[in-house]
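Coordinates from query.cif are shown below (mmCIF, C-alpha atoms).
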```
data_structure
#
loop_
_atom_site.label_atom_id
_atom_site.label_comp_id
_atom_site.auth_asym_id
_atom_site.auth_seq_id
_atom_site.Cartn_x
_atom_site.Cartn_y
_atom_site.Cartn_z
CA MET A 1 24.28 11.06 15.26
CA THR A 2 21.43 11.68 17.71
CA VAL A 3 18.82 14.39 17.27
CA THR A 4 16.76 16.00 20.03
CA PHE A 5 13.20 17.22 19.62
CA SER A 6 14.23 20.90 19.47
CA ASP A 7 16.67 20.06 16.69
CA PHE A 8 13.81 18.28 14.91
CA ILE A 9 11.58 21.35 15.06
CA ARG A 10 14.38 23.69 13.95
CA GLU A 11 15.11 21.82 10.72
CA SER A 12 12.98 23.19 7.87
CA ALA A 13 12.89 19.85 6.01
CA ASN A 14 10.99 18.41 8.95
CA TRP A 15 8.18 20.92 8.50
CA ALA A 16 7.86 19.70 4.92
CA PHE A 17 7.90 16.18 6.31
CA LEU A 18 5.05 16.95 8.72
CA ALA A 19 3.09 18.67 5.95
CA ILE A 20 3.31 15.42 3.98
CA ALA A 21 3.02 12.88 6.79
CA VAL A 22 -0.08 14.28 8.51
CA PRO A 23 -2.32 14.24 5.38
CA THR A 24 -0.89 10.83 4.46
CA LEU A 25 -1.86 9.36 7.81
CA PHE A 26 -5.24 11.12 7.86
CA ALA A 27 -6.04 9.80 4.37
CA GLY A 28 -4.86 6.33 5.37
CA TRP A 29 -7.18 6.44 8.37
CA ARG A 30 -10.14 7.59 6.28
CA THR A 31 -9.40 4.84 3.73
CA VAL A 32 -10.19 2.21 6.32
CA THR A 33 -13.03 4.05 8.12
CA SER A 34 -14.95 6.01 5.46
CA ASN A 35 -18.58 5.01 4.96
CA ASN A 36 -18.49 5.96 1.29
CA ILE A 37 -16.77 3.36 -0.87
CA VAL A 38 -15.67 5.74 -3.66
CA ARG A 39 -14.32 8.22 -1.11
CA ALA A 40 -12.40 5.44 0.62
CA VAL A 41 -10.61 4.64 -2.64
CA LEU A 42 -9.98 8.33 -3.37
CA TYR A 43 -8.48 8.74 0.14
CA LEU A 44 -6.22 5.84 -0.80
CA VAL A 45 -5.00 8.03 -3.71
CA ILE A 46 -4.02 10.80 -1.25
CA SER A 47 -2.29 8.30 1.01
CA LEU A 48 -0.29 6.79 -1.85
CA ALA A 49 0.58 10.25 -3.20
CA GLY A 50 1.86 11.06 0.29
CA SER A 51 4.05 7.95 0.25
CA ALA A 52 5.39 9.02 -3.17
CA ALA A 53 6.17 12.46 -1.70
CA LEU A 54 8.08 10.77 1.14
CA PHE A 55 10.08 8.87 -1.49
CA PHE A 56 10.94 12.19 -3.16
CA MET A 57 12.04 13.54 0.23
CA LEU A 58 14.34 10.54 0.60
CA GLY A 59 15.81 11.16 -2.85
CA ALA A 60 14.26 8.00 -4.31
CA GLU A 61 12.87 9.72 -7.38
CA PHE A 62 12.43 6.69 -9.59
CA VAL A 63 10.48 4.77 -6.92
CA GLY A 64 8.36 7.85 -6.29
CA TRP A 65 7.41 8.28 -9.93
CA THR A 66 6.76 4.55 -10.23
CA VAL A 67 4.29 4.82 -7.35
CA VAL A 68 2.58 7.75 -9.09
CA LEU A 69 2.37 5.93 -12.43
CA VAL A 70 1.56 2.40 -11.27
CA TYR A 71 -0.48 2.98 -8.12
CA ILE A 72 -2.23 6.26 -8.70
CA GLY A 73 -2.44 5.80 -12.46
CA ALA A 74 -3.36 2.15 -12.82
CA VAL A 75 -4.21 0.38 -9.56
CA ILE A 76 -6.75 3.01 -8.45
CA ILE A 77 -8.52 2.70 -11.80
CA LEU A 78 -8.70 -1.06 -11.22
CA PHE A 79 -10.25 -0.42 -7.80
CA LEU A 80 -12.84 1.96 -9.22
CA ILE A 81 -13.68 -0.54 -11.98
CA GLY A 82 -13.97 -3.25 -9.33
CA ILE A 83 -16.39 -1.08 -7.32
CA MET A 84 -18.54 -0.29 -10.35
CA ILE A 85 -18.57 -3.85 -11.68
CA THR A 86 -19.66 -5.33 -8.35
CA ARG A 87 -22.41 -2.68 -8.14
CA ALA A 88 -21.39 -1.56 -4.68
CA PRO A 89 -23.66 1.14 -3.20
CA LEU A 90 -22.04 4.41 -4.28
CA GLY A 91 -23.46 6.71 -1.60
CA ARG A 92 -23.05 6.59 2.17
CA ASP A 93 -23.39 3.05 3.43
CA SER A 94 -22.94 2.02 7.04
CA GLU A 95 -22.65 -1.62 5.98
CA LEU A 96 -19.11 -1.19 4.60
CA SER A 97 -17.47 -2.00 7.92
CA GLN A 98 -18.03 -4.76 10.44
CA PRO A 99 -20.13 -4.01 13.56
CA ARG A 100 -18.58 -2.47 16.64
CA SER A 101 -18.08 -5.90 18.24
CA VAL A 102 -15.49 -6.66 15.52
CA ARG A 103 -14.09 -3.12 15.21
CA ALA A 104 -13.09 -2.78 18.88
CA PRO A 105 -10.81 -5.87 19.00
CA ALA A 106 -9.45 -4.91 15.56
CA ALA A 107 -8.58 -1.42 16.85
CA LEU A 108 -6.93 -2.98 19.89
CA LEU A 109 -4.93 -5.40 17.73
CA SER A 110 -3.76 -2.75 15.27
CA THR A 111 -2.86 -0.34 18.09
CA ALA A 112 -0.83 -3.12 19.70
CA MET A 113 0.82 -3.79 16.33
CA PHE A 114 1.67 -0.08 15.97
CA GLY A 115 3.03 0.05 19.52
CA LEU A 116 5.13 -3.07 19.03
CA ILE A 117 6.67 -1.97 15.72
CA THR A 118 7.28 1.59 16.94
CA TRP A 119 8.81 0.38 20.20
CA ALA A 120 11.13 -1.98 18.34
CA MET A 121 12.15 0.77 15.90
CA VAL A 122 12.77 3.38 18.61
CA ASP A 123 14.69 0.81 20.63
CA ALA A 124 16.89 -0.07 17.66
CA PHE A 125 17.40 3.32 16.02
CA GLY A 126 16.46 5.89 18.68
CA SER A 127 16.96 9.31 17.16
CA ASP A 128 19.59 8.43 14.55
CA SER A 129 19.83 11.02 11.80
CA ILE A 130 19.73 9.98 8.16
CA GLY A 131 22.42 12.59 7.55
CA GLU A 132 23.36 14.11 4.23
CA PHE A 133 22.50 12.02 1.19
CA GLU A 134 22.56 12.35 -2.56
CA PRO A 135 19.36 11.67 -4.56
CA THR A 136 19.49 8.19 -6.07
CA SER A 137 20.18 8.58 -9.76
CA THR A 138 17.84 6.68 -12.06
CA SER A 139 20.74 5.58 -14.25
CA ASP A 140 22.41 3.90 -11.24
CA LEU A 141 19.15 2.16 -10.42
CA SER A 142 18.53 0.98 -13.99
CA GLY A 143 22.13 -0.17 -14.27
CA LEU A 144 21.61 -2.32 -11.17
CA ILE A 145 18.27 -3.69 -12.35
CA PHE A 146 19.72 -4.84 -15.68
CA ASP A 147 22.96 -6.10 -14.19
CA ARG A 148 22.85 -7.45 -10.67
CA PHE A 149 19.07 -7.91 -10.38
CA VAL A 150 18.37 -9.02 -13.94
CA ILE A 151 17.10 -12.51 -13.07
CA PRO A 152 14.55 -11.29 -10.47
CA PHE A 153 13.54 -8.67 -13.04
CA GLU A 154 12.87 -11.35 -15.66
CA VAL A 155 10.97 -13.43 -13.11
CA VAL A 156 8.79 -10.41 -12.29
CA SER A 157 7.99 -9.94 -15.98
CA PHE A 158 6.88 -13.58 -16.18
CA VAL A 159 4.74 -13.08 -13.08
CA LEU A 160 3.09 -10.08 -14.75
CA LEU A 161 2.49 -12.13 -17.90
CA ALA A 162 0.96 -14.93 -15.82
CA ALA A 163 -1.21 -12.38 -13.97
CA LEU A 164 -2.34 -10.90 -17.31
CA ILE A 165 -3.36 -14.29 -18.72
CA GLY A 166 -4.85 -15.36 -15.39
CA GLY A 167 -6.88 -12.17 -15.14
CA ILE A 168 -8.30 -12.66 -18.63
CA ALA A 169 -9.05 -16.33 -17.96
CA LEU A 170 -10.82 -15.53 -14.67
CA ALA A 171 -12.80 -12.50 -15.76
CA ARG A 172 -14.08 -13.56 -19.18
CA LYS A 173 -17.48 -15.17 -19.46
CA ASP A 174 -17.59 -18.85 -20.40
CA GLU A 175 -18.99 -19.30 -23.90
CA GLU A 176 -21.05 -22.33 -22.87
CA GLU A 177 -22.58 -20.29 -20.07
CA ASP A 178 -23.65 -17.66 -22.60
CA GLN A 179 -25.31 -20.21 -24.87
CA GLY A 180 -27.10 -21.92 -22.00
CA MET B 1 15.88 14.32 9.25
CA THR B 2 15.80 11.36 11.61
CA ILE B 3 15.15 7.83 10.46
CA ILE B 4 12.50 7.20 13.12
CA GLN B 5 10.04 9.77 11.73
CA PHE B 6 9.72 7.81 8.49
CA LEU B 7 9.49 4.51 10.35
CA ILE B 8 6.66 5.79 12.56
CA VAL B 9 4.64 6.94 9.52
CA SER B 10 5.25 3.53 7.99
CA SER B 11 4.16 1.58 11.07
CA ALA B 12 1.07 3.77 11.48
CA LEU B 13 0.06 3.17 7.85
CA PHE B 14 0.67 -0.56 8.31
CA SER B 15 -1.57 -0.61 11.41
CA PHE B 16 -4.33 1.25 9.54
CA GLY B 17 -4.07 -1.33 6.78
CA LEU B 18 -4.31 -4.16 9.32
CA TYR B 19 -7.38 -2.52 10.88
CA GLY B 20 -8.96 -2.18 7.43
CA VAL B 21 -8.30 -5.80 6.44
CA ILE B 22 -10.07 -6.99 9.61
CA THR B 23 -13.00 -4.56 9.68
CA ARG B 24 -13.94 -3.97 6.04
CA LYS B 25 -16.83 -6.00 4.64
CA ASN B 26 -16.47 -5.14 0.96
CA ALA B 27 -13.83 -7.32 -0.73
CA VAL B 28 -12.56 -4.41 -2.88
CA LEU B 29 -11.89 -2.35 0.26
CA VAL B 30 -10.07 -5.28 1.85
CA LEU B 31 -7.74 -5.23 -1.17
CA ALA B 32 -7.35 -1.45 -0.77
CA SER B 33 -6.29 -1.99 2.85
CA VAL B 34 -3.71 -4.53 1.70
CA GLU B 35 -2.36 -1.85 -0.67
CA LEU B 36 -2.02 0.50 2.31
CA MET B 37 0.08 -2.12 4.10
CA LEU B 38 2.27 -2.61 1.03
CA ALA B 39 2.80 1.16 0.76
CA ALA B 40 3.94 1.16 4.40
CA VAL B 41 6.42 -1.63 3.66
CA ASN B 42 7.75 0.34 0.68
CA ILE B 43 8.36 3.42 2.85
CA ASN B 44 10.30 1.24 5.27
CA LEU B 45 12.44 -0.33 2.53
CA VAL B 46 13.32 2.98 0.89
CA THR B 47 14.10 4.61 4.25
CA PHE B 48 16.54 1.88 5.20
CA ASP B 49 18.05 1.90 1.70
CA VAL B 50 18.87 5.61 2.10
CA TYR B 51 19.92 5.25 5.75
CA LEU B 52 22.32 2.37 5.08
CA ARG B 53 23.74 4.00 1.92
CA ASP B 54 23.49 0.63 0.14
CA ALA B 55 25.64 0.65 -3.00
CA ASN B 56 23.35 -1.95 -4.60
CA HIS B 57 20.17 0.02 -3.71
CA ALA B 58 18.60 -3.30 -2.77
CA GLY B 59 15.83 -1.59 -0.79
CA GLN B 60 14.69 0.62 -3.65
CA ILE B 61 14.84 -2.21 -6.18
CA PHE B 62 12.95 -4.51 -3.82
CA SER B 63 10.26 -1.86 -3.42
CA LEU B 64 10.01 -1.60 -7.23
CA PHE B 65 9.41 -5.36 -7.34
CA ILE B 66 6.78 -5.01 -4.61
CA ILE B 67 5.01 -2.33 -6.65
CA ALA B 68 4.98 -4.60 -9.73
CA LEU B 69 3.73 -7.59 -7.74
CA ALA B 70 1.09 -5.45 -6.00
CA ALA B 71 -0.23 -4.36 -9.41
CA ALA B 72 -0.43 -8.02 -10.48
CA GLU B 73 -2.10 -8.90 -7.18
CA VAL B 74 -4.77 -6.23 -7.58
CA GLY B 75 -5.46 -7.33 -11.17
CA ILE B 76 -5.95 -10.96 -10.14
CA GLY B 77 -7.78 -9.96 -6.95
CA ILE B 78 -10.32 -7.84 -8.80
CA ALA B 79 -10.79 -10.65 -11.38
CA ILE B 80 -11.48 -13.13 -8.56
CA ILE B 81 -13.90 -10.72 -6.84
CA LEU B 82 -15.68 -10.26 -10.18
CA MET B 83 -15.91 -14.06 -10.57
CA ILE B 84 -17.34 -14.44 -7.05
CA TYR B 85 -19.74 -11.56 -7.66
CA ARG B 86 -21.06 -13.32 -10.79
CA ASN B 87 -21.68 -16.51 -8.85
CA ARG B 88 -23.06 -15.06 -5.62
CA GLN B 89 -24.30 -11.52 -6.51
CA SER B 90 -22.33 -10.09 -3.57
CA ALA B 91 -18.91 -8.63 -2.80
CA ASN B 92 -19.36 -8.98 0.96
CA VAL B 93 -16.63 -11.13 2.51
CA ASP B 94 -19.02 -12.29 5.28
CA GLU B 95 -21.12 -14.11 2.70
CA PHE B 96 -18.19 -16.10 1.29
CA ASP B 97 -18.71 -18.82 3.90
CA SER B 98 -19.28 -21.99 1.85
CA MET B 99 -16.08 -23.50 3.27
CA ARG B 100 -17.35 -23.06 6.86
CA GLY B 101 -17.70 -26.43 8.60
#
```
Is it possible to give me this structure as structure tokens?
Amino acid sequence: MTVTFSDFIRESANWAFLAIAVPTLFAGWRTVTSNNIVRAVLYLVISLAGSAALFFMLGAEFVGWTVVLVYIGAVIILFLIGIMITRAPLGRDSELSQPRSVRAPAALLSTAMFGLITWAMVDAFGSDSIGEFEPTSTSDLSGLIFDRFVIPFEVVSFVLLAALIGGIALARKDEEEDQG
Amino acid sequence: MTIIQFLIVSSALFSFGLYGVITRKNAVLVLASVELMLAAVNINLVTFDVYLRDANHAGQIFSLFIIALAAAEVGIGIAIILMIYRNRQSANVDEFDSMRG
């Protein structure tokens, strides 16, 4: 099941893929380079929405909608609250990133990381096609979560409870501090 | 569709996240870069789940767990940043150096 580049261009689904992947990567790049802190977080929204769209392309509808609800709906709000509460400068600010002496080695390291991962992936999977696949049905997924994966699921709910209590305990002001 | 096109997007997003974790000064943006890396990992897991036709859908369920844990991580992370901000009036990771020898 190998695919050549001309086959890749001919398939219409791949044009949809490129239309999703290019904005996703651009937004991901701007998330880590933008000089405006609110824009960086809003670019993160675009990048995560792109990843949700890729999940839809792969037929993983439930995971895609979970990303939309949890990431775009909740986590981004947390980020914006975090920005406002720490009174970060809201306009353009060149102090958001490290100086060039740190950025250059970081760029080198992340490029090397990209090259290494991509080389390993191409070496292992080459141009294998995913082939025809059915969308994953949510009822199958929920059946598995509450049957085979029920113990990890319960553990995750305890982790969320612990995070909830821990978040309240960390973020609330000490009463003694208020009085003093 | 080939599998490698999804994997390349995922590894590029992961590298951007790595770059952001190293170069960002604001602690909230460091967390945002970590989210970018987690999103890349999720793309990888779902791609392989579909590619391998796993009857247990382990990849998709694992990515659901990652999403839940990432939400918990951001909640705690923002609470810790808020705590540090109260004590030091700064969210700049360069100034959190009291453990430096």
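You will find CA of Pro99 (chain A) at 15.5 Å from CA of Val30 (chain B).
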Discussion item. Taking all atoms listed in the file into account, find every residue of chain A that has an atom no more than 6 Å from chain B, and write it out as a ChimeraX atom specification.
Written reply: /A:32,82,96-98,103,106,110,114,128-130,160,163,167,170-171
Output file for the selection above: C-alpha atoms, as an mmCIF file, in the coordinates of the input:
```cif
data_model
loop_
_atom_site.group_PDB
_atom_site.id
_atom_site.type_symbol
_atom_site.label_atom_id
_atom_site.label_comp_id
_atom_site.auth_asym_id
_atom_site.auth_seq_id
_atom_site.Cartn_x
_atom_site.Cartn_y
_atom_site.Cartn_z
ATOM 1 C CA VAL A 32 -10.190 2.210 6.320
ATOM 2 C CA GLY A 82 -13.970 -3.250 -9.330
ATOM 3 C CA LEU A 96 -19.110 -1.190 4.600
ATOM 4 C CA SER A 97 -17.470 -2.000 7.920
ATOM 5 C CA GLN A 98 -18.030 -4.760 10.440
ATOM 6 C CA ARG A 103 -14.090 -3.120 15.210
ATOM 7 C CA ALA A 106 -9.450 -4.910 15.560
ATOM 8 C CA SER A 110 -3.760 -2.750 15.270
ATOM 9 C CA PHE A 114 1.670 -0.080 15.970
ATOM 10 C CA ASP A 128 19.590 8.430 14.550
ATOM 11 C CA SER A 129 19.830 11.020 11.800
ATOM 12 C CA ILE A 130 19.730 9.980 8.160
ATOM 13 C CA LEU A 160 3.090 -10.080 -14.750
ATOM 14 C CA ALA A 163 -1.210 -12.380 -13.970
ATOM 15 C CA GLY A 167 -6.880 -12.170 -15.140
ATOM 16 C CA LEU A 170 -10.820 -15.530 -14.670
ATOM 17 C CA ALA A 171 -12.800 -12.500 -15.760
#
```
Around the point (2.2, 9.0, -0.4), in the coordinates given by the file, pick out the residues reaching within 12 Å, counting all atoms listed in the file, and return them as a PDB file with C-alpha atoms, in the frame of the given file.
```pdb
ATOM      1  CA  PHE A  17       7.900  16.180   6.310  1.00  0.00           C
ATOM      2  CA  ALA A  19       3.090  18.670   5.950  1.00  0.00           C
ATOM      3  CA  ILE A  20       3.310  15.420   3.980  1.00  0.00           C
ATOM      4  CA  ALA A  21       3.020  12.880   6.790  1.00  0.00           C
ATOM      5  CA  VAL A  22      -0.080  14.280   8.510  1.00  0.00           C
ATOM      6  CA  PRO A  23      -2.320  14.240   5.380  1.00  0.00           C
ATOM      7  CA  THR A  24      -0.890  10.830   4.460  1.00  0.00           C
ATOM      8  CA  LEU A  25      -1.860   9.360   7.810  1.00  0.00           C
ATOM      9  CA  PHE A  26      -5.240  11.120   7.860  1.00  0.00           C
ATOM     10  CA  ALA A  27      -6.040   9.800   4.370  1.00  0.00           C
ATOM     11  CA  GLY A  28      -4.860   6.330   5.370  1.00  0.00           C
ATOM     12  CA  TYR A  43      -8.480   8.740   0.140  1.00  0.00           C
ATOM     13  CA  LEU A  44      -6.220   5.840  -0.800  1.00  0.00           C
ATOM     14  CA  VAL A  45      -5.000   8.030  -3.710  1.00  0.00           C
ATOM     15  CA  ILE A  46      -4.020  10.800  -1.250  1.00  0.00           C
ATOM     16  CA  SER A  47      -2.290   8.300   1.010  1.00  0.00           C
ATOM     17  CA  LEU A  48      -0.290   6.790  -1.850  1.00  0.00           C
ATOM     18  CA  ALA A  49       0.580  10.250  -3.200  1.00  0.00           C
ATOM     19  CA  GLY A  50       1.860  11.060   0.290  1.00  0.00           C
ATOM     20  CA  SER A  51       4.050   7.950   0.250  1.00  0.00           C
ATOM     21  CA  ALA A  52       5.390   9.020  -3.170  1.00  0.00           C
ATOM     22  CA  ALA A  53       6.170  12.460  -1.700  1.00  0.00           C
ATOM     23  CA  LEU A  54       8.080  10.770   1.140  1.00  0.00           C
ATOM     24  CA  PHE A  55      10.080   8.870  -1.490  1.00  0.00           C
ATOM     25  CA  PHE A  56      10.940  12.190  -3.160  1.00  0.00           C
ATOM     26  CA  MET A  57      12.040  13.540   0.230  1.00  0.00           C
ATOM     27  CA  VAL A  63      10.480   4.770  -6.920  1.00  0.00           C
ATOM     28  CA  GLY A  64       8.360   7.850  -6.290  1.00  0.00           C
ATOM     29  CA  TRP A  65       7.410   8.280  -9.930  1.00  0.00           C
ATOM     30  CA  THR A  66       6.760   4.550 -10.230  1.00  0.00           C
ATOM     31  CA  VAL A  67       4.290   4.820  -7.350  1.00  0.00           C
ATOM     32  CA  VAL A  68       2.580   7.750  -9.090  1.00  0.00           C
ATOM     33  CA  TYR A  71      -0.480   2.980  -8.120  1.00  0.00           C
ATOM     34  CA  ILE A  72      -2.230   6.260  -8.700  1.00  0.00           C
TER      35      ILE A  72
ATOM     36  CA  PHE B   6       9.720   7.810   8.490  1.00  0.00           C
ATOM     37  CA  VAL B   9       4.640   6.940   9.520  1.00  0.00           C
ATOM     38  CA  SER B  10       5.250   3.530   7.990  1.00  0.00           C
ATOM     39  CA  LEU B  13       0.060   3.170   7.850  1.00  0.00           C
ATOM     40  CA  GLU B  35      -2.360  -1.850  -0.670  1.00  0.00           C
ATOM     41  CA  LEU B  36      -2.020   0.500   2.310  1.00  0.00           C
ATOM     42  CA  LEU B  38       2.270  -2.610   1.030  1.00  0.00           C
ATOM     43  CA  ALA B  39       2.800   1.160   0.760  1.00  0.00           C
ATOM     44  CA  ALA B  40       3.940   1.160   4.400  1.00  0.00           C
ATOM     45  CA  ASN B  42       7.750   0.340   0.680  1.00  0.00           C
ATOM     46  CA  ILE B  43       8.360   3.420   2.850  1.00  0.00           C
TER      47      ILE B  43
END
```
Practice prompt. Starting from the displayed file, determine the output of the PyMOL selection byres ((chain A and resi 131-141) around 7) and express the residue list as number ranges by chain.
Written response: A: 59-62, 129-130, 142-145; B: 1
Worksheet entry | Nearest to Val93 (chain B), chosen from A:Ser127, A:Ile77, A:Glu95, A:Ile151, with only C-alpha atoms counted in the distances |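 Result for the nearest residue to Val93 (chain B): A:Glu95.
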